[in-house]
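Participant: Here you go, one structure.
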Amino acid sequence: MSAVPKSRDKPKTRFATPSGIEVPEVVSADMIAERDPGPPAQYPFTRGIFADGYRGRPWTIRQYSGFGSAEESNRRYRFLLEQGQTGLSVALDLPTQCGYDPDHPMARPEVGKVGVSLFSLAEMETLFAGIDLGAISTSFTINGTAAILYAMYLAAADRKGVPRDQLTGTIQNDILKEYVARGTWIFPVRPSLRLIADTILYSNEVSPRFNAISIAGAHVRDAGCTAVEEMAYTLANGLAYVDELIRRGGDVARFARRLSFFFYVHMDLFEEACKFRAGRRLWARLLRGRYGVSDDKALHFRFGVVCGGSSLVAAQPYNNVVRVAIENVAAVLGGAQSIFTCAYDEAFQIPTEFSAELALRTQQIVQHEAGVAATVDPLGGSYYVEWLTERMEQAMVEVMREIDDYGGVVKAIEDGWLQRRIAARAREKKDATDRGERVVVGQNRYRRAEQAESYGEVFRLDPAIAGRVLEKHANLKRSRDNAKVARTLQALEAAARGDKDNLMPLLVDCCHAYATVGEMVERLKRCWGEFQEPVRL
């Protein structure tokens, strides 16, 4: 006679999202405050900013790419466009990001290493040779020198005869997160805010379809933040930019139409989708409540994402293909307008052509085969999704309240308070991974000690690239009209010493004269100095 099975003992495991929100075993209708999230395209836009979702327009497939010289990156861009990519995302090398020319002693070891070297208009023209700037959307992952790269892009369009009002795309241009996460700052906080406001206000006038900022939570997430903190810090930064733009005479109902956001997507599918649903409606509520914005288009939360980042690991790298696919689905379920899928090998190298194509195919499979884009907000009305969206919004508001209580995000950065919070969170995450409480498949669980790692094709950067870039830099300085360069740089410096003039027209003039990134940055440093990281024990 067989034994009667006993009722299953429940494991004493805490179920929570990575942000620490306790997950109930079952969510019922009476646990949700707002049972009906409302229709899409209506305030507060929980279900999306477009009535027809992806039916009217699929998300932009924008793969991040750039390495070595402008010539090599141009070849990769043309390949990706031929394979069905619908937008370009330009990666810049560290010298370009930090405002150094390639001949600077600080720059030489890093020329072309993590992105393309782009030191002048001549290189920008080479980068986009054979590519119609009026027909392609271009994103630049650039911050400290964002105004200069935007000016260079405008000058390149001028040279090609492309009207500026036809240009579409984005410059990241979010310096606040650089101070707390990435570190590619140049100038102190307040003059940096002035420069960002200048780009946005100028773009509103001359390139109204171009987003002059992408307020980025992605990098604070990679630095260790939770999904809730990523969104809360990003929205707090967004409000700081709104305040600066108003201070400089901007009309919030107008400039808010071109504000955009940028995030990472990590592996908890439901938390990530709900992060965007909660952030979308919270941003609309903040703009309406604080600034009296009533125009729906000015309340829209436009955002792009990267699927990957620090969620990818070098151990058993082919597992990253699965991770990126799950994150891609989460981004679609959250309503992203632009998506970049990391290649599986980005945890340890610049992607090869094979891995870049596979990442692109991942998006195309999700877009055309998975069915998740067929209806608007397919998760809407799910008890769990609506419950989690509410809890995440509440948690975001609480984090933003802590920042306000401290004195605002600018003060929090200048004092190092926000940097310390993020560093502490990163340590918690690492400790949890080291203890095995946070499972990373193939890294701290399900990894055989004797298993040899297979990384597939290895990308190798031509070691002669730096020399070729330096030669082009020297040739440019010999061949250009150096008297004209000096005049444009002097005009830029004179305007930067005051606080009234918009610097963008002067930067465009400098680019047309073939002044270099390093020369323009050096003139601004004379006026503003450099940011010094606050050190706190």
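Quick note on naming: the chains in the structure tokens go A, B, ... in the order shown, residues restart at 1 in each chain, and ligands are numbered from 1 in order of appearance.
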At a cut-off of 9 Å, can you tabulate as JSON lines every residue of region 251-311 of chain A near region 204-216 of chain A together with its closest atom pair and the distance in Å to one decimal, using only C-alpha atoms and ordering rows by chain then number?
Facilitator:
{"residue": "A:Arg254", "atom": "CA", "partner": "A:Asn204", "partner_atom": "CA", "distance": 8.1}
{"residue": "A:Phe255", "atom": "CA", "partner": "A:Asn204", "partner_atom": "CA", "distance": 6.7}
{"residue": "A:Arg257", "atom": "CA", "partner": "A:Asn211", "partner_atom": "CA", "distance": 8.9}
{"residue": "A:Arg258", "atom": "CA", "partner": "A:Asn211", "partner_atom": "CA", "distance": 5.2}
{"residue": "A:Leu259", "atom": "CA", "partner": "A:Ile213", "partner_atom": "CA", "distance": 6.0}
{"residue": "A:Ser260", "atom": "CA", "partner": "A:Ser214", "partner_atom": "CA", "distance": 4.7}
{"residue": "A:Phe261", "atom": "CA", "partner": "A:Ile215", "partner_atom": "CA", "distance": 4.5}
{"residue": "A:Phe262", "atom": "CA", "partner": "A:Ala216", "partner_atom": "CA", "distance": 4.5}
{"residue": "A:Phe263", "atom": "CA", "partner": "A:Ala216", "partner_atom": "CA", "distance": 5.9}
{"residue": "A:Tyr264", "atom": "CA", "partner": "A:Ala216", "partner_atom": "CA", "distance": 8.9}
{"residue": "A:Phe303", "atom": "CA", "partner": "A:Ser214", "partner_atom": "CA", "distance": 7.9}
{"residue": "A:Gly304", "atom": "CA", "partner": "A:Ser214", "partner_atom": "CA", "distance": 8.5}
Participant: Using only C-alpha atoms, determine which residues lie at most 6 Å from region 519-522 of chain A, disregarding the query and same-chain residues fewer than 3 positions distant; provide the list as a compact mmCIF listing (two decimals) with N, CA and C atoms, in the first residue's frame.
Facilitator:
# COMPACT_ATOMS: atom_id res chain seq x y z
N GLY A 99 36.99 65.10 -23.94
CA GLY A 99 37.40 66.39 -24.45
C GLY A 99 38.87 66.53 -24.78
N THR A 516 39.10 71.65 -33.33
CA THR A 516 39.00 70.29 -32.80
C THR A 516 38.25 70.29 -31.46
N LYS A 525 37.31 75.35 -20.55
CA LYS A 525 37.97 75.12 -19.26
C LYS A 525 38.58 76.40 -18.71
Participant: Suppose you want the space between CA of Ile49 (chain A) and CA of Leu299 (chain A); what is it in Å?
Facilitator: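 Separation of CA of Ile49 (chain A) and CA of Leu299 (chain A): 9.1 Å.
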Participant: Would you mind listing what lies within 12 Å of Glu346 (chain A) as a ChimeraX atom specification, with only C-alpha atoms counted and same-chain residues fewer than 3 positions away left out?
Facilitator: /A:64-65,114,307-315,317-318,320-321,324,341-343,349-352,355-356,359,455,458-459
Participant: Restricting it to C-alpha atoms, dump the selection as a PDB file, in the first residue's frame.
Facilitator:
ATOM      1  CA  TYR A  64      25.247  50.755 -30.534  1.00  0.00           C
ATOM      2  CA  SER A  65      28.440  50.664 -32.546  1.00  0.00           C
ATOM      3  CA  VAL A 114      35.817  51.814 -26.764  1.00  0.00           C
ATOM      4  CA  CYS A 307      19.107  45.345 -23.163  1.00  0.00           C
ATOM      5  CA  GLY A 308      22.275  44.136 -21.500  1.00  0.00           C
ATOM      6  CA  GLY A 309      24.864  46.187 -19.670  1.00  0.00           C
ATOM      7  CA  SER A 310      26.014  44.778 -16.343  1.00  0.00           C
ATOM      8  CA  SER A 311      23.380  42.023 -16.504  1.00  0.00           C
ATOM      9  CA  LEU A 312      25.673  40.296 -19.002  1.00  0.00           C
ATOM     10  CA  VAL A 313      28.647  38.279 -17.770  1.00  0.00           C
ATOM     11  CA  ALA A 314      31.806  36.901 -19.322  1.00  0.00           C
ATOM     12  CA  ALA A 315      31.294  33.443 -17.790  1.00  0.00           C
ATOM     13  CA  PRO A 317      28.935  34.129 -22.582  1.00  0.00           C
ATOM     14  CA  TYR A 318      26.446  32.422 -24.895  1.00  0.00           C
ATOM     15  CA  ASN A 320      23.840  36.262 -22.676  1.00  0.00           C
ATOM     16  CA  VAL A 321      21.864  35.621 -25.858  1.00  0.00           C
ATOM     17  CA  VAL A 324      19.175  39.822 -24.009  1.00  0.00           C
ATOM     18  CA  THR A 341      20.270  44.814 -27.833  1.00  0.00           C
ATOM     19  CA  CYS A 342      23.777  44.100 -26.593  1.00  0.00           C
ATOM     20  CA  ALA A 343      25.822  41.420 -28.305  1.00  0.00           C
ATOM     21  CA  GLN A 349      35.069  42.991 -25.907  1.00  0.00           C
ATOM     22  CA  ILE A 350      33.847  45.138 -28.790  1.00  0.00           C
ATOM     23  CA  PRO A 351      31.299  42.984 -30.651  1.00  0.00           C
ATOM     24  CA  THR A 352      32.398  41.102 -33.720  1.00  0.00           C
ATOM     25  CA  SER A 355      27.747  38.841 -32.596  1.00  0.00           C
ATOM     26  CA  ALA A 356      26.463  42.266 -33.668  1.00  0.00           C
ATOM     27  CA  ALA A 359      21.959  40.895 -31.473  1.00  0.00           C
ATOM     28  CA  TYR A 455      34.304  33.014 -26.114  1.00  0.00           C
ATOM     29  CA  VAL A 458      37.667  37.399 -30.728  1.00  0.00           C
ATOM     30  CA  PHE A 459      37.554  41.015 -31.892  1.00  0.00           C
TER      31      PHE A 459
END
Participant: Using only C-alpha atoms, which of the listed residues (A:Leu127, A:Arg447, A:Glu34, A:Glu437) sits closest to Arg14 (chain A)?
Facilitator: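 Going through A:Leu127, A:Arg447, A:Glu34, A:Glu437 one by one, the smallest distance to Arg14 (chain A) is for A:Glu437.
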Participant: Tell me which protein, DNA and RNA residues are within 12 Å of Ala16 (chain A), counting only C-alpha atoms, leaving out same-chain ones fewer than 5 positions away, and put them as a PyMOL selection string.
Facilitator: chain A and resi 21-25+268+270-271+388+438
Participant: Next, write the just-selected residues to a file, as a PDB file, in the first residue's frame, keeping all heavy atoms as the atom set.
Facilitator:
ATOM      1  N   ILE A  21      10.936  44.776  -3.367  1.00  0.00           N
ATOM      2  CA  ILE A  21       9.486  44.799  -3.174  1.00  0.00           C
ATOM      3  C   ILE A  21       8.998  43.372  -2.948  1.00  0.00           C
ATOM      4  O   ILE A  21       9.178  42.498  -3.806  1.00  0.00           O
ATOM      5  CB  ILE A  21       8.780  45.419  -4.391  1.00  0.00           C
ATOM      6  CG1 ILE A  21       9.225  46.882  -4.562  1.00  0.00           C
ATOM      7  CG2 ILE A  21       7.266  45.333  -4.256  1.00  0.00           C
ATOM      8  CD1 ILE A  21       8.731  47.529  -5.845  1.00  0.00           C
ATOM      9  N   GLU A  22       8.409  43.132  -1.771  1.00  0.00           N
ATOM     10  CA  GLU A  22       7.916  41.795  -1.437  1.00  0.00           C
ATOM     11  C   GLU A  22       6.802  41.385  -2.402  1.00  0.00           C
ATOM     12  O   GLU A  22       5.850  42.143  -2.615  1.00  0.00           O
ATOM     13  CB  GLU A  22       7.386  41.772  -0.003  1.00  0.00           C
ATOM     14  CG  GLU A  22       8.447  42.014   1.059  1.00  0.00           C
ATOM     15  CD  GLU A  22       9.224  40.756   1.409  1.00  0.00           C
ATOM     16  OE1 GLU A  22       8.861  39.673   0.896  1.00  0.00           O
ATOM     17  OE2 GLU A  22      10.187  40.858   2.192  1.00  0.00           O
ATOM     18  N   VAL A  23       6.918  40.188  -2.970  1.00  0.00           N
ATOM     19  CA  VAL A  23       5.954  39.711  -3.952  1.00  0.00           C
ATOM     20  C   VAL A  23       4.992  38.740  -3.273  1.00  0.00           C
ATOM     21  O   VAL A  23       5.416  37.707  -2.740  1.00  0.00           O
ATOM     22  CB  VAL A  23       6.671  39.018  -5.125  1.00  0.00           C
ATOM     23  CG1 VAL A  23       5.657  38.452  -6.112  1.00  0.00           C
ATOM     24  CG2 VAL A  23       7.605  39.989  -5.823  1.00  0.00           C
ATOM     25  N   PRO A  24       3.694  39.034  -3.275  1.00  0.00           N
ATOM     26  CA  PRO A  24       2.726  38.110  -2.671  1.00  0.00           C
ATOM     27  C   PRO A  24       2.576  36.848  -3.505  1.00  0.00           C
ATOM     28  O   PRO A  24       2.872  36.832  -4.702  1.00  0.00           O
ATOM     29  CB  PRO A  24       1.428  38.917  -2.651  1.00  0.00           C
ATOM     30  CG  PRO A  24       1.593  39.927  -3.731  1.00  0.00           C
ATOM     31  CD  PRO A  24       3.045  40.237  -3.819  1.00  0.00           C
ATOM     32  N   GLU A  25       2.100  35.789  -2.852  1.00  0.00           N
ATOM     33  CA  GLU A  25       1.914  34.522  -3.566  1.00  0.00           C
ATOM     34  C   GLU A  25       0.874  34.659  -4.672  1.00  0.00           C
ATOM     35  O   GLU A  25       1.051  34.138  -5.777  1.00  0.00           O
ATOM     36  CB  GLU A  25       1.484  33.439  -2.579  1.00  0.00           C
ATOM     37  CG  GLU A  25       1.454  32.051  -3.183  1.00  0.00           C
ATOM     38  CD  GLU A  25       1.233  30.992  -2.124  1.00  0.00           C
ATOM     39  OE1 GLU A  25       0.235  31.100  -1.369  1.00  0.00           O
ATOM     40  OE2 GLU A  25       2.055  30.059  -2.048  1.00  0.00           O
ATOM     41  N   ASP A 268      14.641  40.834 -14.415  1.00  0.00           N
ATOM     42  CA  ASP A 268      13.320  40.551 -13.843  1.00  0.00           C
ATOM     43  C   ASP A 268      12.266  41.131 -14.779  1.00  0.00           C
ATOM     44  O   ASP A 268      11.971  42.325 -14.753  1.00  0.00           O
ATOM     45  CB  ASP A 268      13.200  41.155 -12.443  1.00  0.00           C
ATOM     46  CG  ASP A 268      11.942  40.691 -11.720  1.00  0.00           C
ATOM     47  OD1 ASP A 268      10.832  40.932 -12.242  1.00  0.00           O
ATOM     48  OD2 ASP A 268      12.068  40.083 -10.650  1.00  0.00           O
ATOM     49  N   PHE A 270       8.989  41.239 -15.170  1.00  0.00           N
ATOM     50  CA  PHE A 270       7.833  42.010 -14.718  1.00  0.00           C
ATOM     51  C   PHE A 270       8.250  43.318 -14.048  1.00  0.00           C
ATOM     52  O   PHE A 270       7.623  44.363 -14.257  1.00  0.00           O
ATOM     53  CB  PHE A 270       6.963  41.171 -13.778  1.00  0.00           C
ATOM     54  CG  PHE A 270       6.218  40.092 -14.489  1.00  0.00           C
ATOM     55  CD1 PHE A 270       6.619  38.770 -14.409  1.00  0.00           C
ATOM     56  CD2 PHE A 270       5.107  40.388 -15.276  1.00  0.00           C
ATOM     57  CE1 PHE A 270       5.938  37.777 -15.081  1.00  0.00           C
ATOM     58  CE2 PHE A 270       4.418  39.403 -15.954  1.00  0.00           C
ATOM     59  CZ  PHE A 270       4.836  38.087 -15.860  1.00  0.00           C
ATOM     60  N   GLU A 271       9.311  43.295 -13.233  1.00  0.00           N
ATOM     61  CA  GLU A 271       9.750  44.538 -12.613  1.00  0.00           C
ATOM     62  C   GLU A 271      10.200  45.541 -13.671  1.00  0.00           C
ATOM     63  O   GLU A 271       9.912  46.737 -13.571  1.00  0.00           O
ATOM     64  CB  GLU A 271      10.887  44.289 -11.623  1.00  0.00           C
ATOM     65  CG  GLU A 271      11.330  45.581 -10.944  1.00  0.00           C
ATOM     66  CD  GLU A 271      12.338  45.376  -9.832  1.00  0.00           C
ATOM     67  OE1 GLU A 271      13.509  45.072 -10.138  1.00  0.00           O
ATOM     68  OE2 GLU A 271      11.954  45.530  -8.656  1.00  0.00           O
ATOM     69  N   LEU A 388       2.156  45.699  -9.061  1.00  0.00           N
ATOM     70  CA  LEU A 388       3.581  46.001  -9.023  1.00  0.00           C
ATOM     71  C   LEU A 388       3.858  47.399  -9.569  1.00  0.00           C
ATOM     72  O   LEU A 388       4.736  48.116  -9.062  1.00  0.00           O
ATOM     73  CB  LEU A 388       4.364  44.949  -9.817  1.00  0.00           C
ATOM     74  CG  LEU A 388       5.886  45.050  -9.777  1.00  0.00           C
ATOM     75  CD1 LEU A 388       6.414  45.049  -8.346  1.00  0.00           C
ATOM     76  CD2 LEU A 388       6.519  43.912 -10.588  1.00  0.00           C
ATOM     77  N   ARG A 438      22.100  36.049  -4.749  1.00  0.00           N
ATOM     78  CA  ARG A 438      21.694  36.538  -6.064  1.00  0.00           C
ATOM     79  C   ARG A 438      22.299  35.592  -7.096  1.00  0.00           C
ATOM     80  O   ARG A 438      23.506  35.525  -7.268  1.00  0.00           O
ATOM     81  CB  ARG A 438      22.186  37.966  -6.278  1.00  0.00           C
ATOM     82  CG  ARG A 438      21.935  38.529  -7.656  1.00  0.00           C
ATOM     83  CD  ARG A 438      22.433  39.974  -7.748  1.00  0.00           C
ATOM     84  NE  ARG A 438      22.321  40.471  -9.116  1.00  0.00           N
ATOM     85  CZ  ARG A 438      23.314  40.451 -10.008  1.00  0.00           C
ATOM     86  NH1 ARG A 438      24.504  39.952  -9.677  1.00  0.00           N
ATOM     87  NH2 ARG A 438      23.124  40.919 -11.226  1.00  0.00           N
TER      88      ARG A 438
END
Participant: Find, counting only C-alpha atoms, the residue in A:Ser203, A:Gln363, A:Ser139, A:Asn173 that gets nearest to Asn502 (chain A).
Facilitator: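 Once distances to Asn502 (chain A) are computed over only C-alpha atoms, the minimum belongs to A:Ser203.
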Participant: Residues at most 10 Å from Tyr150 (chain A), counting only C-alpha atoms, excluding those fewer than 6 positions away in the same chain, as a list in words?
Facilitator: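 Residues near the query, excluding close chain neighbours: Phe140, Ile142, Ala156, Thr170, Ile171, Asn173, Thr199, Ser203, Phe210, Ala212, Met504, Leu507, Val508 and Cys511 of chain A.
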Participant: For each of A:Glu390, A:Asp377, A:Asp101, A:Glu178, take the minimum atom-to-atom distance to Ala331 (chain A), counting only C-alpha atoms, then give the residue where this is smallest.
Facilitator: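 Closest residue, counting only C-alpha atoms: A:Asp377.
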